[in-house]
file model-v5.cif (mmCIF, C-alpha atoms)
data_final
#
loop_
_atom_site.label_atom_id
_atom_site.label_comp_id
_atom_site.auth_asym_id
_atom_site.auth_seq_id
_atom_site.Cartn_x
_atom_site.Cartn_y
_atom_site.Cartn_z
CA MET A 1 111.80 111.00 82.89
CA ASN A 2 109.46 108.36 84.32
CA ASN A 3 107.48 106.02 82.07
CA ILE A 4 104.70 105.79 84.65
CA VAL A 5 103.90 107.69 87.83
CA ILE A 6 101.43 106.19 90.30
CA ILE A 7 99.97 108.48 92.94
CA GLY A 8 99.28 106.45 96.07
CA ALA A 9 101.06 103.49 97.68
CA GLY A 10 97.97 101.78 99.00
CA ALA A 11 96.80 98.29 98.03
CA SER A 12 95.96 99.07 94.39
CA GLY A 13 98.97 101.34 93.83
CA LEU A 14 101.42 98.81 95.27
CA PHE A 15 99.95 95.89 93.34
CA CYS A 16 99.77 97.85 90.09
CA SER A 17 103.39 99.02 90.44
CA ILE A 18 104.59 95.42 90.83
CA LEU A 19 102.72 94.17 87.77
CA LEU A 20 103.86 97.05 85.57
CA ALA A 21 107.47 96.81 86.74
CA LYS A 22 107.46 93.11 85.90
CA LYS A 23 106.48 94.09 82.36
CA GLY A 24 109.59 96.24 82.13
CA TYR A 25 108.18 99.70 82.79
CA ASN A 26 109.97 102.39 84.75
CA VAL A 27 107.52 102.99 87.63
CA THR A 28 107.59 105.69 90.30
CA VAL A 29 105.10 105.74 93.18
CA ILE A 30 104.49 109.01 95.02
CA GLU A 31 103.03 108.67 98.53
CA LYS A 32 102.20 111.39 101.06
CA ASN A 33 102.71 109.05 104.04
CA THR A 34 106.00 107.84 105.47
CA LYS A 35 105.45 104.26 104.33
CA ALA A 36 103.43 102.16 101.95
CA GLY A 37 100.16 100.41 102.77
CA ARG A 38 98.97 102.29 105.86
CA LYS A 39 95.34 101.25 105.28
CA ILE A 40 96.47 97.66 104.78
CA LEU A 41 98.09 97.74 108.21
CA ALA A 42 94.88 99.01 109.81
CA SER A 43 92.53 96.54 108.12
CA GLY A 44 90.78 93.56 109.66
CA ASN A 45 91.78 94.52 113.22
CA GLY A 46 95.39 94.09 112.16
CA ARG A 47 94.78 90.75 110.43
CA CYS A 48 93.93 92.00 106.90
CA ASN A 49 90.99 90.25 105.27
CA ILE A 50 92.86 90.16 101.97
CA THR A 51 90.20 88.71 99.66
CA ASN A 52 87.30 86.25 99.60
CA SER A 53 86.99 82.84 97.97
CA ASN A 54 83.38 83.70 97.07
CA LEU A 55 83.55 86.59 94.61
CA ASN A 56 79.85 86.81 93.77
CA ILE A 57 79.29 90.08 91.93
CA GLU A 58 76.47 90.94 94.36
CA ASN A 59 79.16 91.78 96.92
CA PHE A 60 80.33 94.76 94.85
CA ASN A 61 78.31 97.98 94.65
CA THR A 62 78.24 100.81 92.12
CA SER A 63 75.77 103.44 91.01
CA SER A 64 77.24 103.89 87.53
CA ASN A 65 78.30 100.75 85.62
CA ASN A 66 77.69 97.20 86.86
CA VAL A 67 79.04 95.67 83.63
CA LEU A 68 82.48 97.21 84.15
CA VAL A 69 82.62 95.93 87.74
CA LYS A 70 81.59 92.43 86.67
CA ASN A 71 84.22 92.27 83.91
CA VAL A 72 87.00 93.58 86.15
CA ILE A 73 86.19 91.13 88.93
CA GLU A 74 86.11 88.25 86.44
CA ASN A 75 89.57 89.28 85.20
CA MET A 76 90.97 88.50 88.64
CA ASN A 77 89.23 85.44 90.07
CA TYR A 78 90.15 83.88 93.40
CA LYS A 79 92.52 81.28 91.91
CA LYS A 80 94.43 83.94 89.99
CA ILE A 81 95.01 86.22 92.96
CA LYS A 82 95.94 83.24 95.12
CA ASP A 83 98.55 82.12 92.55
CA ILE A 84 100.00 85.64 92.23
CA PHE A 85 100.27 86.01 95.99
CA ASN A 86 101.82 82.57 96.31
CA ASP A 87 104.50 83.57 93.78
CA MET A 88 105.25 86.61 95.97
CA GLY A 89 105.56 84.42 99.04
CA LEU A 90 102.25 85.58 100.51
CA LEU A 91 100.25 82.56 101.70
CA MET A 92 96.60 82.74 102.71
CA ILE A 93 94.32 80.80 105.05
CA LEU A 94 90.56 80.59 105.38
CA GLY A 95 89.07 82.66 108.17
CA ASP A 96 85.39 83.27 108.94
CA GLY A 97 83.14 81.79 106.28
CA THR A 98 84.85 82.42 102.94
CA ARG A 99 87.11 85.27 104.09
CA MET A 100 90.80 84.89 103.33
CA TYR A 101 93.66 86.18 105.48
CA PRO A 102 97.45 86.04 105.36
CA MET A 103 98.57 82.84 107.08
CA SER A 104 100.39 84.93 109.69
CA LEU A 105 97.14 86.77 110.52
CA GLN A 106 99.25 89.91 110.41
CA ALA A 107 98.37 92.78 108.08
CA SER A 108 102.02 93.81 108.19
CA SER A 109 102.89 90.62 106.29
CA VAL A 110 100.80 91.82 103.36
CA SER A 111 102.15 95.38 103.18
CA GLU A 112 105.77 94.31 103.72
CA ILE A 113 105.68 91.56 101.09
CA LEU A 114 104.03 93.84 98.52
CA TYR A 115 106.48 96.66 99.20
CA ASP A 116 109.51 94.35 99.14
CA THR A 117 108.33 92.75 95.89
CA ALA A 118 107.90 96.19 94.34
CA ILE A 119 111.39 97.28 95.41
CA HIS A 120 112.97 94.08 94.07
CA ASN A 121 111.28 94.69 90.72
CA GLY A 122 112.74 98.18 90.45
CA VAL A 123 109.82 100.34 91.56
CA ARG A 124 110.95 103.73 92.88
CA PHE A 125 109.09 105.16 95.89
CA ILE A 126 108.94 108.80 96.92
CA PHE A 127 107.50 109.13 100.44
CA ASN A 128 106.47 112.21 102.42
CA GLU A 129 105.40 113.99 99.25
CA GLU A 130 101.84 115.16 98.87
CA VAL A 131 100.79 115.74 95.30
CA ILE A 132 99.30 119.21 95.12
CA SER A 133 99.49 119.94 91.39
CA ILE A 134 99.29 118.02 88.14
CA ASP A 135 99.76 119.76 84.81
CA TYR A 136 99.42 118.20 81.38
CA ASN A 137 101.10 119.63 78.29
CA ASN A 138 103.01 118.35 75.30
CA LYS A 139 101.66 114.86 76.03
CA TYR A 140 103.38 114.69 79.42
CA TYR A 141 102.23 115.00 83.01
CA ASN A 142 104.15 117.29 85.32
CA ILE A 143 103.54 116.42 88.97
CA ASN A 144 104.36 119.01 91.63
CA SER A 145 106.54 120.70 88.99
CA SER A 146 109.14 118.04 89.87
CA TYR A 147 108.21 114.72 88.23
CA LYS A 148 107.55 114.33 84.53
CA SER A 149 105.79 111.27 83.14
CA LYS A 150 104.06 110.14 79.98
CA TYR A 151 101.52 108.00 81.87
CA LEU A 152 99.73 108.80 85.13
CA ILE A 153 97.81 106.41 87.38
CA LEU A 154 95.59 107.78 90.14
CA ALA A 155 95.48 105.27 92.98
CA ASN A 156 94.95 107.85 95.72
CA GLY A 157 92.15 106.00 97.44
CA SER A 158 89.09 107.68 98.89
CA CYS A 159 88.55 110.21 101.65
CA ALA A 160 87.72 107.48 104.19
CA MET A 161 89.77 107.32 107.41
CA SER A 162 91.63 110.59 107.09
CA LYS A 163 93.67 109.75 110.20
CA LEU A 164 95.57 107.31 107.97
CA GLY A 165 96.45 110.06 105.52
CA SER A 166 93.59 109.72 103.06
CA SER A 167 92.04 112.78 101.41
CA SER A 168 89.76 113.90 98.60
CA SER A 169 92.70 114.86 96.35
CA GLY A 170 92.10 112.01 93.90
CA TYR A 171 88.58 113.23 93.22
CA ASP A 172 89.89 116.77 92.72
CA PHE A 173 92.47 115.62 90.17
CA ALA A 174 89.85 113.55 88.36
CA LYS A 175 87.59 116.62 88.18
CA GLN A 176 90.53 118.61 86.82
CA PHE A 177 90.47 116.24 83.84
CA ASN A 178 86.68 116.61 83.41
CA HIS A 179 85.58 113.48 85.24
CA ASN A 180 82.30 113.37 87.12
CA ILE A 181 82.18 112.16 90.73
CA THR A 182 79.06 110.31 91.83
CA LYS A 183 77.54 111.02 95.24
CA LEU A 184 80.06 110.24 98.00
CA LEU A 185 78.74 108.63 101.19
CA PRO A 186 80.39 106.75 104.07
CA SER A 187 80.17 102.94 103.90
CA LEU A 188 81.22 100.17 106.27
CA VAL A 189 80.70 102.71 109.02
CA GLN A 190 79.09 102.89 112.45
CA LEU A 191 75.64 104.45 112.86
CA LYS A 192 74.59 107.24 115.21
CA SER A 193 71.34 107.50 117.15
CA ASN A 194 69.76 110.30 119.19
CA ASN A 195 68.15 107.63 121.38
CA LYS A 196 70.10 108.38 124.55
CA SER A 197 68.57 105.44 126.40
CA ILE A 198 70.96 103.07 124.60
CA TYR A 199 74.09 105.05 125.49
CA SER A 200 74.18 103.24 128.85
CA LEU A 201 74.72 100.01 126.88
CA SER A 202 78.08 101.22 125.52
CA GLY A 203 80.51 98.31 125.29
CA VAL A 204 77.88 95.56 125.13
CA LYS A 205 78.57 93.24 122.21
CA MET A 206 76.64 90.14 121.20
CA ASN A 207 75.41 88.15 118.22
CA ALA A 208 71.91 89.07 117.14
CA ASN A 209 69.50 89.28 114.25
CA VAL A 210 69.81 92.87 113.04
CA THR A 211 67.30 94.22 110.53
CA LEU A 212 67.39 97.48 108.59
CA LEU A 213 64.01 99.16 108.19
CA ILE A 214 63.67 102.10 105.81
CA ASN A 215 60.36 103.93 106.01
CA LYS A 216 59.04 100.93 107.98
CA LYS A 217 59.95 98.53 105.16
CA ASN A 218 62.18 95.53 105.96
CA ILE A 219 65.24 95.95 103.72
CA LYS A 220 67.78 93.41 104.95
CA THR A 221 68.52 91.19 107.96
CA ILE A 222 72.03 90.28 109.09
CA THR A 223 72.88 87.67 111.71
CA ALA A 224 76.18 88.84 113.19
CA ASP A 225 77.64 90.75 116.10
CA ILE A 226 76.31 94.13 117.14
CA LEU A 227 78.12 96.55 119.44
CA PHE A 228 76.39 99.28 121.42
CA THR A 229 78.43 102.48 121.64
CA LYS A 230 78.30 105.84 123.39
CA TYR A 231 76.85 107.37 120.20
CA GLY A 232 74.81 104.53 118.69
CA LEU A 233 75.64 101.19 117.07
CA SER A 234 78.62 99.36 115.60
CA GLY A 235 79.71 95.77 114.92
CA ASN A 236 79.83 93.69 111.75
CA SER A 237 76.05 93.66 111.34
CA ILE A 238 75.89 97.45 111.40
CA LEU A 239 78.83 97.87 109.01
CA GLU A 240 77.08 95.54 106.57
CA LEU A 241 73.87 97.58 106.74
CA SER A 242 75.54 100.98 106.77
CA ARG A 243 75.69 101.57 103.01
CA LYS A 244 71.93 101.29 102.52
CA SER A 245 71.45 103.30 105.71
CA ALA A 246 73.70 106.10 104.43
CA PHE A 247 71.79 106.41 101.15
CA ALA A 248 68.46 106.36 102.98
CA LEU A 249 69.59 109.04 105.44
CA ASN A 250 70.82 111.14 102.51
CA ASN A 251 67.28 110.93 101.12
CA ASN A 252 65.84 111.97 104.50
CA ASP A 253 64.17 108.58 104.88
CA ASN A 254 63.30 107.12 108.26
CA VAL A 255 65.95 104.57 109.25
CA ILE A 256 65.37 102.05 112.03
CA ILE A 257 67.64 99.25 113.25
CA HIS A 258 65.57 96.39 114.68
CA ILE A 259 67.43 94.02 117.01
CA ASP A 260 66.49 90.52 118.12
CA LEU A 261 68.94 89.82 120.95
CA MET A 262 68.08 86.12 121.14
CA PRO A 263 67.26 84.92 117.62
CA ASN A 264 67.89 81.27 118.47
CA TYR A 265 64.95 81.21 120.89
CA SER A 266 61.30 81.69 120.01
CA SER A 267 59.16 83.87 122.22
CA LYS A 268 57.30 80.79 123.33
CA LYS A 269 60.50 79.00 124.35
CA LEU A 270 61.76 82.07 126.21
CA PHE A 271 58.48 82.30 128.07
CA GLU A 272 58.85 78.69 129.23
CA ILE A 273 62.45 79.34 130.34
CA LEU A 274 61.60 82.52 132.25
CA GLN A 275 58.48 81.10 133.87
CA ASN A 276 60.55 78.17 135.13
CA ARG A 277 63.22 80.58 136.45
CA LYS A 278 60.53 82.64 138.16
CA HIS A 279 59.51 79.65 140.25
CA LEU A 280 63.09 78.58 140.81
CA LEU A 281 64.39 82.03 141.81
CA LYS A 282 61.23 83.48 143.35
CA ASN A 283 62.90 84.88 146.47
CA LYS A 284 65.76 86.60 144.63
CA ASP A 285 65.80 90.19 143.34
CA ASN A 286 63.98 90.38 140.04
CA ILE A 287 67.12 91.18 138.03
CA PHE A 288 68.12 87.54 138.61
CA LEU A 289 65.40 86.45 136.21
CA LEU A 290 67.76 87.39 133.36
CA LYS A 291 71.15 87.01 135.10
CA SER A 292 73.48 84.76 133.05
CA ILE A 293 71.08 85.01 130.10
CA ILE A 294 71.95 88.50 128.88
CA ASN A 295 74.43 91.23 129.81
CA ASP A 296 73.70 93.07 133.08
CA LYS A 297 73.57 96.41 131.24
CA LEU A 298 70.83 95.00 129.01
CA ILE A 299 68.87 93.80 132.05
CA ASN A 300 68.93 97.30 133.51
CA TYR A 301 68.00 98.80 130.14
CA ILE A 302 65.03 96.45 129.66
CA TYR A 303 63.70 96.96 133.18
CA LYS A 304 64.04 100.73 132.86
CA GLN A 305 62.25 100.77 129.51
CA LEU A 306 59.41 98.67 130.95
CA ASN A 307 59.34 100.62 134.22
CA ILE A 308 59.87 97.43 136.26
CA LYS A 309 60.79 98.46 139.80
CA ASP A 310 63.13 96.67 142.21
CA ALA A 311 61.31 93.72 143.75
CA LYS A 312 61.48 89.95 144.06
CA VAL A 313 61.31 87.66 141.04
CA GLU A 314 58.00 86.23 142.25
CA SER A 315 56.43 89.69 141.90
CA LEU A 316 56.79 89.58 138.10
CA SER A 317 53.50 88.83 136.38
CA LYS A 318 53.02 86.82 133.23
CA GLN A 319 52.45 90.11 131.42
CA ASP A 320 55.75 91.45 132.78
CA ILE A 321 57.55 88.39 131.46
CA SER A 322 55.82 88.69 128.08
CA ASN A 323 56.85 92.35 127.89
CA ILE A 324 60.45 91.47 128.77
CA ILE A 325 60.55 88.85 126.03
CA HIS A 326 58.99 91.20 123.49
CA LEU A 327 61.68 93.82 124.17
CA ILE A 328 64.50 91.26 124.05
CA LYS A 329 63.35 90.34 120.57
CA ASN A 330 62.24 93.78 119.42
CA ILE A 331 64.62 96.61 120.25
CA ASN A 332 64.10 99.41 117.72
CA ILE A 333 66.73 102.13 117.38
CA GLU A 334 66.09 105.12 115.14
CA ILE A 335 69.24 106.18 113.28
CA SER A 336 70.07 109.86 112.91
CA ASP A 337 73.34 109.75 110.97
CA THR A 338 76.39 107.72 110.04
CA ASN A 339 79.63 108.14 111.97
CA GLY A 340 81.10 110.06 109.04
CA PHE A 341 83.83 109.78 106.44
CA ASP A 342 86.64 109.85 109.00
CA ASN A 343 85.38 106.64 110.60
CA ALA A 344 84.24 104.84 107.44
CA GLU A 345 86.32 101.97 106.11
CA VAL A 346 85.37 102.82 102.52
CA ILE A 347 83.39 105.35 100.53
CA ALA A 348 80.36 104.62 98.36
CA GLY A 349 80.61 106.59 95.12
CA GLY A 350 83.55 107.97 93.21
CA ILE A 351 84.68 108.49 89.63
CA ASP A 352 81.85 107.64 87.26
CA LEU A 353 82.68 104.25 85.71
CA ASN A 354 80.99 105.20 82.46
CA GLU A 355 83.96 107.50 81.86
CA ILE A 356 86.52 104.69 82.14
CA TYR A 357 87.40 102.00 79.59
CA GLU A 358 86.54 98.67 81.20
CA ASN A 359 89.35 96.72 79.53
CA SER A 360 92.15 99.06 80.52
CA MET A 361 91.01 101.38 83.36
CA GLU A 362 92.04 104.30 81.14
CA SER A 363 90.15 107.55 81.21
CA LYS A 364 87.79 108.25 78.32
CA LYS A 365 88.27 111.94 79.02
CA GLN A 366 92.04 112.28 79.22
CA GLN A 367 94.81 110.60 77.27
CA ASN A 368 97.19 108.32 79.22
CA LEU A 369 95.36 108.82 82.52
CA TYR A 370 94.40 105.64 84.42
CA PHE A 371 92.61 104.71 87.64
CA CYS A 372 92.66 101.81 90.06
CA GLY A 373 91.27 101.09 93.52
CA GLU A 374 88.73 102.81 95.70
CA LEU A 375 88.85 106.16 93.91
CA MET A 376 86.30 104.81 91.43
CA ASP A 377 82.58 104.38 92.01
CA VAL A 378 82.90 100.87 93.47
CA ASP A 379 82.65 99.72 97.05
CA GLY A 380 82.47 96.21 98.41
CA ASN A 381 80.62 94.56 101.26
CA CYS A 382 82.41 93.35 104.37
CA GLY A 383 84.62 90.34 103.71
CA GLY A 384 87.71 91.37 101.75
CA TYR A 385 85.78 92.64 98.75
CA ASN A 386 87.25 96.13 98.79
CA PHE A 387 90.76 94.70 98.77
CA HIS A 388 89.78 92.39 95.93
CA TRP A 389 88.56 95.38 93.93
CA ALA A 390 91.96 96.98 94.52
CA TRP A 391 93.79 93.86 93.26
CA SER A 392 91.47 93.23 90.29
CA SER A 393 91.32 96.83 89.04
CA ALA A 394 95.12 97.08 89.28
CA TYR A 395 95.48 93.75 87.46
CA THR A 396 93.09 94.81 84.67
CA LEU A 397 95.05 98.03 84.21
CA ALA A 398 98.51 96.45 84.25
CA ASN A 399 97.62 93.37 82.25
CA SER A 400 96.24 95.42 79.35
CA PHE A 401 98.78 98.27 79.54
CA LYS A 402 100.65 98.77 76.26
CA GLY A 403 102.39 102.07 76.82
CA ILE A 404 105.70 103.03 75.24
CA LYS A 405 108.69 101.96 77.33
#

call {"tool": "encode", "arguments": {"input": "model-v5.cif", "output": "C-alpha cells"}}
result
Amino acid sequence: MNNIVIIGAGASGLFCSILLAKKGYNVTVIEKNTKAGRKILASGNGRCNITNSNLNIENFNTSSNNVLVKNVIENMNYKKIKDIFNDMGLLMILGDGTRMYPMSLQASSVSEILYDTAIHNGVRFIFNEEVISIDYNNKYYNINSSYKSKYLILANGSCAMSKLGSSSSGYDFAKQFNHNITKLLPSLVQLKSNNKSIYSLSGVKMNANVTLLINKKNIKTITADILFTKYGLSGNSILELSRKSAFALNNNDNVIIHIDLMPNYSSKKLFEILQNRKHLLKNKDNIFLLKSIINDKLINYIYKQLNIKDAKVESLSKQDISNIIHLIKNINIEISDTNGFDNAEVIAGGIDLNEIYENSMESKKQQNLYFCGELMDVDGNCGGYNFHWAWSSAYTLANSFKGIK
C-alpha cells in the first residue's frame, strides 16, 4: 500500500515527491519513460532556464482563475526556491536579463540532482510503466490494477512535445473524475506561413523588432531574435508572440508578423548610409549596396521582392533606395498556423482552475485527488516561468498536504 502515488516524473512530479517524502510520506512515482525529467533535459537548449528572479504575475497566463495563479506563485517566491535548491546542492547563476540557470549550464545537473534527492529521501520510482487505468473505490485509487494508494497526484504534464513521451492522458484522467478542460492550444511554438517567398531565407537569424498584428491591430512588439525557417518563423520573439497568435488563429482572425530588421537605425539614417555607399561603391554590382549590412539571403529576397535587376550600384535610384529601406523595416508575413502541439514547449489551457482548491491543489470534484504542473490551465511566458509554475504548484500542494501517513 502506498500513501501517495504521483503519476509523472517531470519537474513538478519530482519536486513534489521530494517535499512530500521529507514530510514522512511513502511516495511512489510512476513514469512511462525510462528516466526522470526528460523535458528538463531538453529545456533551454540543454541549459535549463530553471526560474526567473522577476516573478511578475503578468508572466503567467490562464483563462480560468488568475487569483489562484497569483496565490500559488506568491507561495514560492524567488528567494524560497533559491534556498530550497541551494539545500539540494543545486546552485544557480543569472543568465539573460533575469533568467536563472544552473551554474553548470547543464540541464542534466537539474534532473540528476532532483532525482538523486528524491531517491535519498525514500521516493520509489517505477519507470517504463504507462498508466492506462485508474479506478477509485472504497476510498482508494487502483492504478493499472497493480498499485493501490489513498492519495493520487496527477503530474503528467501536457501533450506538448510528444517525442519526449508526453501525452494527453492527464487530461483524460481528469475528465474521468468530472473535471473540465479549457481550450488547449500550442504555446511557445514556431509559426507557419504560406508565404513561400520567405522559405528561401531558411536559416537566417538576427535580432529585430517583431510585432504581432491581429486584424491589423498592433498587439505586442518584442525586440529579440527571429529565425526564418523552411515553413515560416521561429526564434525567441516568435515563441513569445505565439500564444496570442494561436488564440487568434483559433478564432480565424488575420495574423500578421511585422518585422523591422534594423530597429536601431531610422529610415532617414539608413538613407544617408546607403546613399553614401552608392557613391562609394558605384562601379560594383548592386548587391554590394547591402553587403556586410544584412545577410546575403535577405539581400536576394529584398531585391526579388522589389524586382531590382542585376546592375551596378550607381544604377539604383533614390526611389530604389527608399524602397529597399522600407522593406528592411517593414517585412509583413501572414501566419497560417502554429507548428503544432508536437513542437510546442508548453500548452495553453488545461484543467479548469476553478475546480481546484488554491491552498492545496486538491480537486473540488474528487476526494484525495491532486494536481501540479503544466496539466492545469496555466502557462508561462519565455524565461523560466513554466518551470517556476511547476515548482510553486508542487510546493503549494506538498506544503499544505495533511494526509494520513

call {"tool": "closest_atom_pairs", "arguments": {"input": "model-v5.cif", "of": "range 301-401 of chain A", "to": "range 167-189 of chain A", "cutoff": "7 Å", "atoms": "only C-alpha atoms", "output": "CSV"}}
result
residue,atom,partner,partner_atom,distance
A:Thr338,CA,A:Val189,CA,6.7
A:Asn339,CA,A:Val189,CA,6.3
A:Gly340,CA,A:Pro186,CA,6.0
A:Phe341,CA,A:Pro186,CA,5.2
A:Asn343,CA,A:Val189,CA,6.3
A:Ala344,CA,A:Val189,CA,4.4
A:Glu345,CA,A:Leu188,CA,5.4
A:Val346,CA,A:Ser187,CA,5.4
A:Ile347,CA,A:Pro186,CA,4.8
A:Ala348,CA,A:Leu185,CA,5.2
A:Gly349,CA,A:Leu184,CA,4.7
A:Gly350,CA,A:Ile181,CA,5.1
A:Ile351,CA,A:Ile181,CA,4.6
A:Asp352,CA,A:Ile181,CA,5.7
A:Lys365,CA,A:Asn178,CA,6.6
A:Gln366,CA,A:Phe177,CA,6.3
A:Leu375,CA,A:Gly170,CA,6.7
A:Asp377,CA,A:Thr182,CA,6.9

call {"tool": "closest_residue", "arguments": {"input": "model-v5.cif", "among": "A:Asp87, A:Asp225, A:Glu358, A:Glu112", "to": "Val67 in chain A", "atoms": "all atoms listed in the file"}}
result
A:Glu358

call {"tool": "resolve_selection", "arguments": {"input": "model-v5.cif", "expression": "the PyMOL selection byres ((chain A and resi 30) around 7)", "output": "list in words"}}
result
Ile6, Ile7, Gly8, Thr28, Val29, Glu31, Lys32, Phe125, Ile126, Phe127 and Glu129 of chain A

call {"tool": "closest_residue", "arguments": {"input": "model-v5.cif", "among": "A:Asn137, A:Asn215, A:Ser53, A:Ser149", "to": "Ile404 in chain A", "atoms": "all atoms listed in the file"}}
result
A:Ser149

call {"tool": "resolve_selection", "arguments": {"input": "model-v5.cif", "expression": "the PyMOL selection byres ((chain A and resi 378) around 6)", "output": "number ranges by chain"}}
result
A: 61-62, 376-377, 379

call {"tool": "closest_residue", "arguments": {"input": "model-v5.cif", "among": "A:Asn3, A:Asn54, A:Asn250, A:Ser393", "to": "Leu353 in chain A", "atoms": "all atoms listed in the file"}}
result
A:Ser393

call {"tool": "residues_around", "arguments": {"input": "model-v5.cif", "residues": "Ile198 in chain A", "least_positions_apart": "4", "cutoff": "10 Å", "atoms": "all atoms listed in the file", "output": "VMD selection string"}}
result
chain A and resid 193 to 194 202 228 to 233 297 to 298 301 333

call {"tool": "write_last_selection", "arguments": {"input": "model-v5.cif", "atoms": "C-alpha atoms", "output": "mmCIF file, keeping the file's coordinate frame"}}
result
data_model
loop_
_atom_site.group_PDB
_atom_site.id
_atom_site.type_symbol
_atom_site.label_atom_id
_atom_site.label_comp_id
_atom_site.auth_asym_id
_atom_site.auth_seq_id
_atom_site.Cartn_x
_atom_site.Cartn_y
_atom_site.Cartn_z
ATOM 1 C CA SER A 193 71.340 107.500 117.150
ATOM 2 C CA ASN A 194 69.760 110.300 119.190
ATOM 3 C CA SER A 202 78.080 101.220 125.520
ATOM 4 C CA PHE A 228 76.390 99.280 121.420
ATOM 5 C CA THR A 229 78.430 102.480 121.640
ATOM 6 C CA LYS A 230 78.300 105.840 123.390
ATOM 7 C CA TYR A 231 76.850 107.370 120.200
ATOM 8 C CA GLY A 232 74.810 104.530 118.690
ATOM 9 C CA LEU A 233 75.640 101.190 117.070
ATOM 10 C CA LYS A 297 73.570 96.410 131.240
ATOM 11 C CA LEU A 298 70.830 95.000 129.010
ATOM 12 C CA TYR A 301 68.000 98.800 130.140
ATOM 13 C CA ILE A 333 66.730 102.130 117.380
#

call {"tool": "closest_atom_pairs", "arguments": {"input": "model-v5.cif", "of": "range 183-281 of chain A", "to": "range 305-325 of chain A", "cutoff": "9 Å", "atoms": "only C-alpha atoms", "output": "tab-separated table"}}
result
residue	atom	partner	partner_atom	distance
A:Ser197	CA	A:Gln305	CA	8.5
A:Ser267	CA	A:Ile325	CA	6.4
A:Leu270	CA	A:Ile325	CA	6.9
A:Phe271	CA	A:Ser322	CA	6.9
A:Leu274	CA	A:Ile321	CA	7.2
A:Gln275	CA	A:Ile321	CA	7.7
A:Arg277	CA	A:Val313	CA	8.7
A:Lys278	CA	A:Val313	CA	5.8
A:His279	CA	A:Glu314	CA	7.0
A:Leu281	CA	A:Val313	CA	6.5

call {"tool": "resolve_selection", "arguments": {"input": "model-v5.cif", "expression": "the PyMOL selection byres ((chain A and resi 299) around 10)", "output": "list in words"}}
result
Leu201, Asn286, Ile287, Phe288, Leu289, Leu290, Lys291, Ile293, Ile294, Asn295, Asp296, Lys297, Leu298, Asn300, Tyr301, Ile302, Tyr303, Lys304, Gln305, Ile324 and Ile328 of chain A

call {"tool": "residues_near_point", "arguments": {"input": "model-v5.cif", "point": "(92.1, 90.2, 91.1)", "cutoff": "8 Å", "atoms": "all atoms listed in the file", "output": "list of chain:residue names"}}
result
A:Val72, A:Ile73, A:Glu74, A:Asn75, A:Met76, A:Asn77, A:Tyr78, A:Lys80, A:Ile81, A:His388, A:Trp389, A:Ala390, A:Trp391, A:Ser392, A:Ser393, A:Ala394, A:Tyr395, A:Thr396

call {"tool": "write_last_selection", "arguments": {"input": "model-v5.cif", "atoms": "C-alpha atoms", "output": "mmCIF file, in the coordinates of the input"}}
result
data_model
loop_
_atom_site.group_PDB
_atom_site.id
_atom_site.type_symbol
_atom_site.label_atom_id
_atom_site.label_comp_id
_atom_site.auth_asym_id
_atom_site.auth_seq_id
_atom_site.Cartn_x
_atom_site.Cartn_y
_atom_site.Cartn_z
ATOM 1 C CA VAL A 72 87.000 93.580 86.150
ATOM 2 C CA ILE A 73 86.190 91.130 88.930
ATOM 3 C CA GLU A 74 86.110 88.250 86.440
ATOM 4 C CA ASN A 75 89.570 89.280 85.200
ATOM 5 C CA MET A 76 90.970 88.500 88.640
ATOM 6 C CA ASN A 77 89.230 85.440 90.070
ATOM 7 C CA TYR A 78 90.150 83.880 93.400
ATOM 8 C CA LYS A 80 94.430 83.940 89.990
ATOM 9 C CA ILE A 81 95.010 86.220 92.960
ATOM 10 C CA HIS A 388 89.780 92.390 95.930
ATOM 11 C CA TRP A 389 88.560 95.380 93.930
ATOM 12 C CA ALA A 390 91.960 96.980 94.520
ATOM 13 C CA TRP A 391 93.790 93.860 93.260
ATOM 14 C CA SER A 392 91.470 93.230 90.290
ATOM 15 C CA SER A 393 91.320 96.830 89.040
ATOM 16 C CA ALA A 394 95.120 97.080 89.280
ATOM 17 C CA TYR A 395 95.480 93.750 87.460
ATOM 18 C CA THR A 396 93.090 94.810 84.670
#

call {"tool": "atom_distance", "arguments": {"input": "model-v5.cif", "atom1": "CA of Lys192 in chain A", "atom2": "CA of Ile40 in chain A"}}
result
26.1 Å

call {"tool": "atom_distance", "arguments": {"input": "model-v5.cif", "atom1": "CA of Ile257 in chain A", "atom2": "CA of Leu213 in chain A"}}
result
6.2 Å

call {"tool": "closest_residue", "arguments": {"input": "model-v5.cif", "among": "A:Asn65, A:Gln190, A:Ser242, A:Asn264", "to": "Asn207 in chain A", "atoms": "only C-alpha atoms"}}
result
A:Asn264

call {"tool": "closest_residue", "arguments": {"input": "model-v5.cif", "among": "A:Asn49, A:Asn2, A:Asn386, A:Gln106", "to": "Ile143 in chain A", "atoms": "only C-alpha atoms"}}
result
A:Asn2

call {"tool": "closest_residue", "arguments": {"input": "model-v5.cif", "among": "A:Leu280, A:Gly44, A:Asn399, A:Ser234", "to": "Ser108 in chain A", "atoms": "all atoms listed in the file"}}
result
A:Gly44

call {"tool": "decode", "arguments": {"input": "model-v5.cif", "residues": "range 251-256 of chain A", "atoms": "N, CA and C atoms", "output": "mmCIF file, in the first residue's frame"}}
result
data_model
loop_
_atom_site.group_PDB
_atom_site.id
_atom_site.type_symbol
_atom_site.label_atom_id
_atom_site.label_comp_id
_atom_site.auth_asym_id
_atom_site.auth_seq_id
_atom_site.Cartn_x
_atom_site.Cartn_y
_atom_site.Cartn_z
ATOM 1 N N ASN A 251 -9.533 31.660 -33.602
ATOM 2 C CA ASN A 251 -10.728 32.473 -33.828
ATOM 3 C C ASN A 251 -10.884 32.884 -35.290
ATOM 4 N N ASN A 252 -9.993 32.343 -36.147
ATOM 5 C CA ASN A 252 -9.997 32.686 -37.577
ATOM 6 C C ASN A 252 -9.705 34.158 -37.827
ATOM 7 N N ASP A 253 -8.941 34.778 -36.923
ATOM 8 C CA ASP A 253 -8.510 36.153 -37.128
ATOM 9 C C ASP A 253 -7.325 36.200 -38.086
ATOM 10 N N ASN A 254 -7.118 37.366 -38.670
ATOM 11 C CA ASN A 254 -5.958 37.582 -39.530
ATOM 12 C C ASN A 254 -4.736 37.878 -38.665
ATOM 13 N N VAL A 255 -3.682 37.090 -38.843
ATOM 14 C CA VAL A 255 -2.481 37.225 -38.027
ATOM 15 C C VAL A 255 -1.291 37.577 -38.928
ATOM 16 N N ILE A 256 -0.668 38.698 -38.613
ATOM 17 C CA ILE A 256 0.498 39.173 -39.369
ATOM 18 C C ILE A 256 1.670 39.365 -38.406
#
